[in-house]
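Beneath this line is the structure, given in structure tokens, with notes to follow.
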There are 4 protein chains.
Amino acid sequence: MENSSIEEAARIIKADPYAKYLNIEFILIEKGHAISRMPLDRRHLNFMGLVHGGAIFSIADATFGAAANSDGYKAMAIHVSIDYLSPPGDTPYLEAEVREDARAGRGGHYRMEVRTSDGQLVAVCNGWAYHTSRPLGE
Amino acid sequence: MENSSIEEAARIIKADPYAKYLNIEFILIEKGHAISRMPLDRRHLNFMGLVHGGAIFSIADATFGAAANSDGYKAMAIHVSIDYLSPPGDTPYLEAEVREDARAGRGGHYRMEVRTSDGQLVAVCNGWAYHTSRPLGE
Amino acid sequence: MENSSIEEAARIIKADPYAKYLNIEFILIEKGHAISRMPLDRRHLNFMGLVHGGAIFSIADATFGAAANSDGYKAMAIHVSIDYLSPPGDTPYLEAEVREDARAGRGGHYRMEVRTSDGQLVAVCNGWAYHTSRPLGE
Amino acid sequence: MENSSIEEAARIIKADPYAKYLNIEFILIEKGHAISRMPLDRRHLNFMGLVHGGAIFSIADATFGAAANSDGYKAMAIHVSIDYLSPPGDTPYLEAEVREDARAGRGGHYRMEVRTSDGQLVAVCNGWAYHTSRPLGE
């Protein structure tokens with residue numbers, strides 16, 4: 001794959017409306033690997049005043065989407081599991097890192113880690129994407 | 001449990017900032033059971049123009065939180081898995097229904113279904129909550 | 001698909017050495033659907049005297065394999081999650097039923113239920129298989 | 001915890017009938033950590049001649065049980081997910097290593113890895129155990 005196609009894929013991925021709405025910033029998008037950051041404010045909290053599980057999942061999932069589509073072809077998530085390992089406390093932001101670590105035909109397995117600004121592990125996710133042969137831009 | 005405590009729990013749950021931010025409306029909250037609805041607009045979409053997996057998860061997870069905390073005591077999600085069964089297409093809203101279907105000590109298992117306005121199954125989730133003895137209002 | 005190919009697939013599936021070793025009997029194999037039974041004895045127990053989680057999983061997984069390969073083409077499990085809902089107690093056998101409930105390209109989603117002889121739900125599993133175009137007999 | 005209680009717990013765990021039946025040998029059992037090995041033969045294979053997914057799960061799950069019960073108190077698995085990352089090929093045995101990596105009240109999260117004799121990663125599992133206060137020997 002040429003750099004131009006990763007750059008083009010990254011440009012499309014970074015325009016994601018849902019990620020923007022949640023304040024998710026893509027820091028790195030390369031082949032099968034992505035990192036993002038989500039500065040937190042009151043909108044990300046649940047009724048107990050803790051970061052909402054849906055917000056923690058959303059940064060993992062958006063970063064999964066970035067890693068899985070980084071080669072410029074459409075990939076669809078079919079399964080994700082999340083294990084909440086420790087509450088994030090007062091961190092100013094969450095950071096997610098996702099890597100592809102296996103392929104089975106058109107299936108790709110991705111491991112996701114969500115951490116606080118101090119690097120404390122908040123949640124791990126495991127997901128499968130289905131890789132199509134349709135280019136992203138279509 | 002008296003009705004007054006379910007009502008008080010529901011009042012607290014409905015004030016959830018993240019759910020409000022995503023437009024999630026709680027339609028029913030009763031013991032171990034909750035239903036919610038999320039009218040969709042452009043903010044819920046991903047870069048392919050489809051409803052974002054994080055948004056689909058978020059309505060399931062918020063409704064899971066409502067069902068798990070409905071007895072007025074704090075419960076924390078420890079695990080959720082989501083299987084994306086069919087893309088929601090052009091539905092005006094998503095609806096989620098969650099039921100507790102097992103208990104193991106302080107652990108509770110919840111099954112979640114997310115559907116389109118036509119009742120088509122979009123995703124199923126399975127999750128575990130850890131039930132504490134701390135009242136919600138504290 | 002003709003009946004002859006389901007019958008041929010079922011013949012191959014029923015010769016599974018691991019299933020035989022664990023006493024798993026295939027009762028029904030039809031397209032995307034399978035039922036099996038596992039009479040229990042001391043070998044299926046863990047060190048607490050309860051049916052081992054690995055044995056409960058194994059009957060679900062073997063039945064998943066039967067349902068996923070029932071069309072006569074090789075399918076590989078890529079992911080399975082199991083939720084243990086209630087201990088099986090003194091049941092003489094476990095019964096598993098598996099159905100395909102969604103397809104995403106070559107991915108197929110299967111829901112699995114494991115029950116006691118009285119029909120009590122012991123565990124539910126959700127799994128994804130990757131369907132290849134290679135015939136079973138090759 | 002004194003060493004004597006780990007030793008006593010390990011003695012009980014190693015007598016597991018199901019693990020013995022599948023040829024699973026416990027190599028290391030210490031607090032929140034266990035390693036085991038399963039020499040493979042024809043009985044562990046599926047109808048395609050590959051190591052059965054149920055056998056791969058079973059060594060992970062048995063080792064999870066060893067790690068989770070290593071403190072001498074009964075723990076019950078409530079959830080396990082398995083991702084099959086690469087087929088084990090012709091390895092003479094599988095090795096599983098399990099570590100507890102988080103606690104949430106009485107819930108404990110365990111990460112499991114199953115590898116070939118060459119150290120190739122075959123599957124990863126994530127599981128939750130519920131820790132009771134009942135001693136193992138009772």
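Residues are named by chain letter and number: chains run A, B, ... in the order of the structure tokens, numbers start at 1 in each chain, and ligands are numbered from 1 in the order shown.
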
Contact set, chain B to chain C: 9 Å, only C-alpha atoms, as a list of chain:residue names |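 My answer is B:Ser81, B:Asp83, B:Tyr84, B:Leu85, B:Ser86, B:Asp101, B:Ala102, B:Arg103, B:Ala104, B:His109, B:Asn126, B:Gly127, B:Trp128.
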
Hey, what's within 9 Å of Ser117 in chain D if we count only C-alpha atoms and toss same-chain stuff fewer than 4 positions away? As a PyMOL selection string, please?
-> chain D and resi 91-95

Residues within 8 Å of Lys14 in chain D, please, as a short mmCIF file (atom, residue, chain, number, x, y, z; two decimals) with N, CA and C atoms, in the first residue's frame. Count only C-alpha atoms; anything in the same chain fewer than 5 positions from it doesn't count.
data_model
loop_
_atom_site.label_atom_id
_atom_site.label_comp_id
_atom_site.auth_asym_id
_atom_site.auth_seq_id
_atom_site.Cartn_x
_atom_site.Cartn_y
_atom_site.Cartn_z
N PHE C 47 -13.07 -29.89 40.19
CA PHE C 47 -12.60 -30.27 41.53
C PHE C 47 -13.58 -29.90 42.63
N GLU D 25 -2.19 -30.95 32.46
CA GLU D 25 -1.28 -31.02 33.61
C GLU D 25 -1.03 -29.61 34.12
N PHE D 26 -1.22 -29.41 35.41
CA PHE D 26 -0.97 -28.09 35.99
C PHE D 26 0.51 -27.98 36.34
#

Tell me, in Å to one decimal, how far CA of Arg11 in chain D is from CA of Ile29 in chain D.
->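 Atom-to-atom, CA of Arg11 in chain D to CA of Ile29 in chain D, that is 9.7 Å.
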
Quick one: residues within 9 Å of Ile27 in chain A, only C-alpha atoms counted, chain neighbours fewer than 3 positions away excluded, as a VMD selection string?
-> chain A and resid 34 to 37

Keeping only N, CA and C atoms, write the selected residues to a file as an mmCIF file, in the first residue's frame.
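Dumped to result.cif:
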data_model
loop_
_atom_site.group_PDB
_atom_site.id
_atom_site.type_symbol
_atom_site.label_atom_id
_atom_site.label_comp_id
_atom_site.auth_asym_id
_atom_site.auth_seq_id
_atom_site.Cartn_x
_atom_site.Cartn_y
_atom_site.Cartn_z
ATOM 1 N N ALA A 34 -4.003 2.325 15.318
ATOM 2 C CA ALA A 34 -4.492 3.701 15.486
ATOM 3 C C ALA A 34 -4.473 4.088 16.962
ATOM 4 N N ILE A 35 -4.318 5.383 17.198
ATOM 5 C CA ILE A 35 -4.342 5.960 18.551
ATOM 6 C C ILE A 35 -5.245 7.181 18.507
ATOM 7 N N SER A 36 -6.055 7.340 19.565
ATOM 8 C CA SER A 36 -6.898 8.529 19.629
ATOM 9 C C SER A 36 -6.999 9.015 21.066
ATOM 10 N N ARG A 37 -7.522 10.220 21.203
ATOM 11 C CA ARG A 37 -7.644 10.835 22.519
ATOM 12 C C ARG A 37 -9.011 11.508 22.620
#

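Taking CA of His33 in chain C and CA of Val122 in chain B as endpoints, the distance between them is 21.0 Å.
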
Skipping near chain neighbours, those fewer than 3 positions away, what residues fall within 8 Å of Ala62 in chain C using only C-alpha atoms, listed as a PyMOL selection string?
-> (chain C and resi 19+58-59+65-66) or (chain D and resi 54)

Name all residues at most 9 Å from Ala10 in chain C (count only C-alpha atoms; drop same-chain ones fewer than 2 positions away) and give them as a PyMOL selection string.
-> chain C and resi 5-8+12-15+26+28-30+66+69-70+72

Write the residues you've just listed into a file as a CSV table (one decimal), in the first residue's frame, and include N, CA and C atoms for each of them.
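Result file out.csv:
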chain,number,residue,atom,x,y,z
C,5,SER,N,-26.5,-33.5,0.4
C,5,SER,CA,-25.3,-32.9,0.9
C,5,SER,C,-25.4,-32.6,2.4
C,6,ILE,N,-26.6,-32.3,2.9
C,6,ILE,CA,-26.7,-32.2,4.4
C,6,ILE,C,-26.4,-33.5,5.0
C,7,GLU,N,-26.9,-34.6,4.5
C,7,GLU,CA,-26.7,-36.0,5.0
C,7,GLU,C,-25.2,-36.3,5.0
C,8,GLU,N,-24.6,-35.9,3.9
C,8,GLU,CA,-23.1,-36.2,3.9
C,8,GLU,C,-22.4,-35.4,4.9
C,12,ILE,N,-20.0,-36.7,8.3
C,12,ILE,CA,-18.7,-36.2,8.6
C,12,ILE,C,-18.6,-35.6,10.0
C,13,ILE,N,-19.6,-34.8,10.3
C,13,ILE,CA,-19.6,-34.1,11.6
C,13,ILE,C,-19.8,-35.1,12.7
C,14,LYS,N,-20.6,-36.1,12.5
C,14,LYS,CA,-20.8,-37.1,13.6
C,14,LYS,C,-19.6,-37.9,13.9
C,15,ALA,N,-18.6,-37.9,13.0
C,15,ALA,CA,-17.4,-38.7,13.3
C,15,ALA,C,-16.4,-37.9,14.1
C,26,PHE,N,-24.9,-36.1,18.5
C,26,PHE,CA,-25.7,-35.1,17.6
C,26,PHE,C,-27.0,-35.7,17.4
C,28,LEU,N,-29.7,-33.6,16.0
C,28,LEU,CA,-30.3,-33.0,14.8
C,28,LEU,C,-29.2,-32.1,14.2
C,29,ILE,N,-29.1,-32.3,12.9
C,29,ILE,CA,-28.2,-31.4,12.1
C,29,ILE,C,-29.0,-31.0,10.9
C,30,GLU,N,-29.4,-29.8,10.8
C,30,GLU,CA,-30.0,-29.3,9.6
C,30,GLU,C,-29.4,-27.9,9.2
C,66,ALA,N,-21.4,-28.1,14.3
C,66,ALA,CA,-22.3,-28.9,13.5
C,66,ALA,C,-23.3,-27.9,12.7
C,69,ASN,N,-21.2,-26.0,9.9
C,69,ASN,CA,-20.7,-26.8,8.7
C,69,ASN,C,-21.8,-27.6,8.0
C,70,SER,N,-23.0,-27.3,8.5
C,70,SER,CA,-24.1,-28.2,8.0
C,70,SER,C,-24.4,-28.0,6.5
C,72,GLY,N,-22.2,-28.1,4.3
C,72,GLY,CA,-21.2,-28.9,3.5
C,72,GLY,C,-19.9,-28.2,3.2

Chain A: residues DSSP assigns to helix (DSSP H, G or I), reported as an NGL selection string = :A and (3-14 or 17-21 or 42-44 or 53-68)

Based on the selection just made, write N, CA and C atoms of those residues as a compact mmCIF listing (two decimals), in the first residue's frame.
# COMPACT_ATOMS: atom_id res chain seq x y z
N ASN A 3 1.74 5.29 0.65
CA ASN A 3 1.40 6.24 1.69
C ASN A 3 0.20 7.09 1.32
N SER A 4 0.08 7.40 0.04
CA SER A 4 -1.02 8.26 -0.39
C SER A 4 -2.37 7.64 -0.03
N SER A 5 -2.48 6.29 -0.10
CA SER A 5 -3.78 5.71 0.21
C SER A 5 -4.04 5.71 1.72
N ILE A 6 -3.02 5.53 2.55
CA ILE A 6 -3.23 5.66 3.99
C ILE A 6 -3.64 7.09 4.32
N GLU A 7 -2.99 8.04 3.71
CA GLU A 7 -3.33 9.45 3.98
C GLU A 7 -4.76 9.75 3.57
N GLU A 8 -5.17 9.21 2.43
CA GLU A 8 -6.53 9.43 1.97
C GLU A 8 -7.54 8.76 2.92
N ALA A 9 -7.22 7.53 3.35
CA ALA A 9 -8.10 6.84 4.30
C ALA A 9 -8.18 7.64 5.60
N ALA A 10 -7.06 8.13 6.08
CA ALA A 10 -7.05 8.88 7.35
C ALA A 10 -7.89 10.15 7.23
N ARG A 11 -7.83 10.78 6.07
CA ARG A 11 -8.61 12.01 5.87
C ARG A 11 -10.10 11.70 6.00
N ILE A 12 -10.53 10.59 5.39
CA ILE A 12 -11.95 10.19 5.45
C ILE A 12 -12.34 9.83 6.88
N ILE A 13 -11.49 9.03 7.54
CA ILE A 13 -11.77 8.57 8.91
C ILE A 13 -11.90 9.75 9.88
N LYS A 14 -11.03 10.73 9.71
CA LYS A 14 -11.02 11.86 10.66
C LYS A 14 -12.26 12.75 10.53
N PRO A 17 -18.49 11.93 11.91
CA PRO A 17 -19.33 12.85 12.69
C PRO A 17 -19.48 12.43 14.16
N TYR A 18 -19.67 11.14 14.42
CA TYR A 18 -19.88 10.68 15.80
C TYR A 18 -18.63 10.91 16.64
N ALA A 19 -17.48 10.59 16.07
CA ALA A 19 -16.22 10.82 16.80
C ALA A 19 -16.06 12.30 17.12
N LYS A 20 -16.36 13.14 16.14
CA LYS A 20 -16.27 14.60 16.40
C LYS A 20 -17.23 15.02 17.50
N TYR A 21 -18.44 14.48 17.47
CA TYR A 21 -19.45 14.88 18.45
C TYR A 21 -19.00 14.52 19.86
N ARG A 42 -18.29 17.20 31.25
CA ARG A 42 -19.49 16.72 31.93
C ARG A 42 -20.37 15.85 31.03
N ARG A 43 -20.33 16.09 29.73
CA ARG A 43 -21.19 15.34 28.80
C ARG A 43 -20.84 13.85 28.72
N HIS A 44 -19.62 13.48 29.13
CA HIS A 44 -19.20 12.09 29.07
C HIS A 44 -19.56 11.31 30.34
N GLY A 53 -19.82 4.18 30.61
CA GLY A 53 -19.30 3.02 29.89
C GLY A 53 -19.45 3.14 28.38
N GLY A 54 -20.50 3.79 27.94
CA GLY A 54 -20.71 3.99 26.51
C GLY A 54 -19.67 4.92 25.91
N ALA A 55 -19.20 5.89 26.69
CA ALA A 55 -18.16 6.80 26.21
C ALA A 55 -16.82 6.07 26.14
N ILE A 56 -16.54 5.24 27.14
CA ILE A 56 -15.29 4.45 27.14
C ILE A 56 -15.28 3.51 25.94
N PHE A 57 -16.44 2.85 25.72
CA PHE A 57 -16.53 1.97 24.56
C PHE A 57 -16.37 2.75 23.26
N SER A 58 -16.99 3.93 23.20
CA SER A 58 -17.01 4.68 21.94
C SER A 58 -15.63 5.08 21.47
N ILE A 59 -14.74 5.50 22.40
CA ILE A 59 -13.39 5.84 21.94
C ILE A 59 -12.66 4.59 21.45
N ALA A 60 -12.87 3.45 22.15
CA ALA A 60 -12.25 2.20 21.69
C ALA A 60 -12.76 1.84 20.29
N ASP A 61 -14.08 1.91 20.12
CA ASP A 61 -14.70 1.49 18.86
C ASP A 61 -14.32 2.41 17.71
N ALA A 62 -14.26 3.71 17.96
CA ALA A 62 -13.90 4.66 16.89
C ALA A 62 -12.45 4.41 16.45
N THR A 63 -11.61 4.07 17.42
CA THR A 63 -10.20 3.83 17.11
C THR A 63 -10.03 2.49 16.39
N PHE A 64 -10.85 1.54 16.78
CA PHE A 64 -10.94 0.25 16.08
C PHE A 64 -11.32 0.50 14.61
N GLY A 65 -12.31 1.33 14.38
CA GLY A 65 -12.72 1.65 13.02
C GLY A 65 -11.58 2.28 12.23
N ALA A 66 -10.81 3.14 12.89
CA ALA A 66 -9.68 3.79 12.21
C ALA A 66 -8.63 2.75 11.82
N ALA A 67 -8.30 1.85 12.75
CA ALA A 67 -7.29 0.83 12.46
C ALA A 67 -7.77 -0.13 11.37
N ALA A 68 -9.04 -0.50 11.44
CA ALA A 68 -9.57 -1.53 10.53
C ALA A 68 -9.78 -1.00 9.11
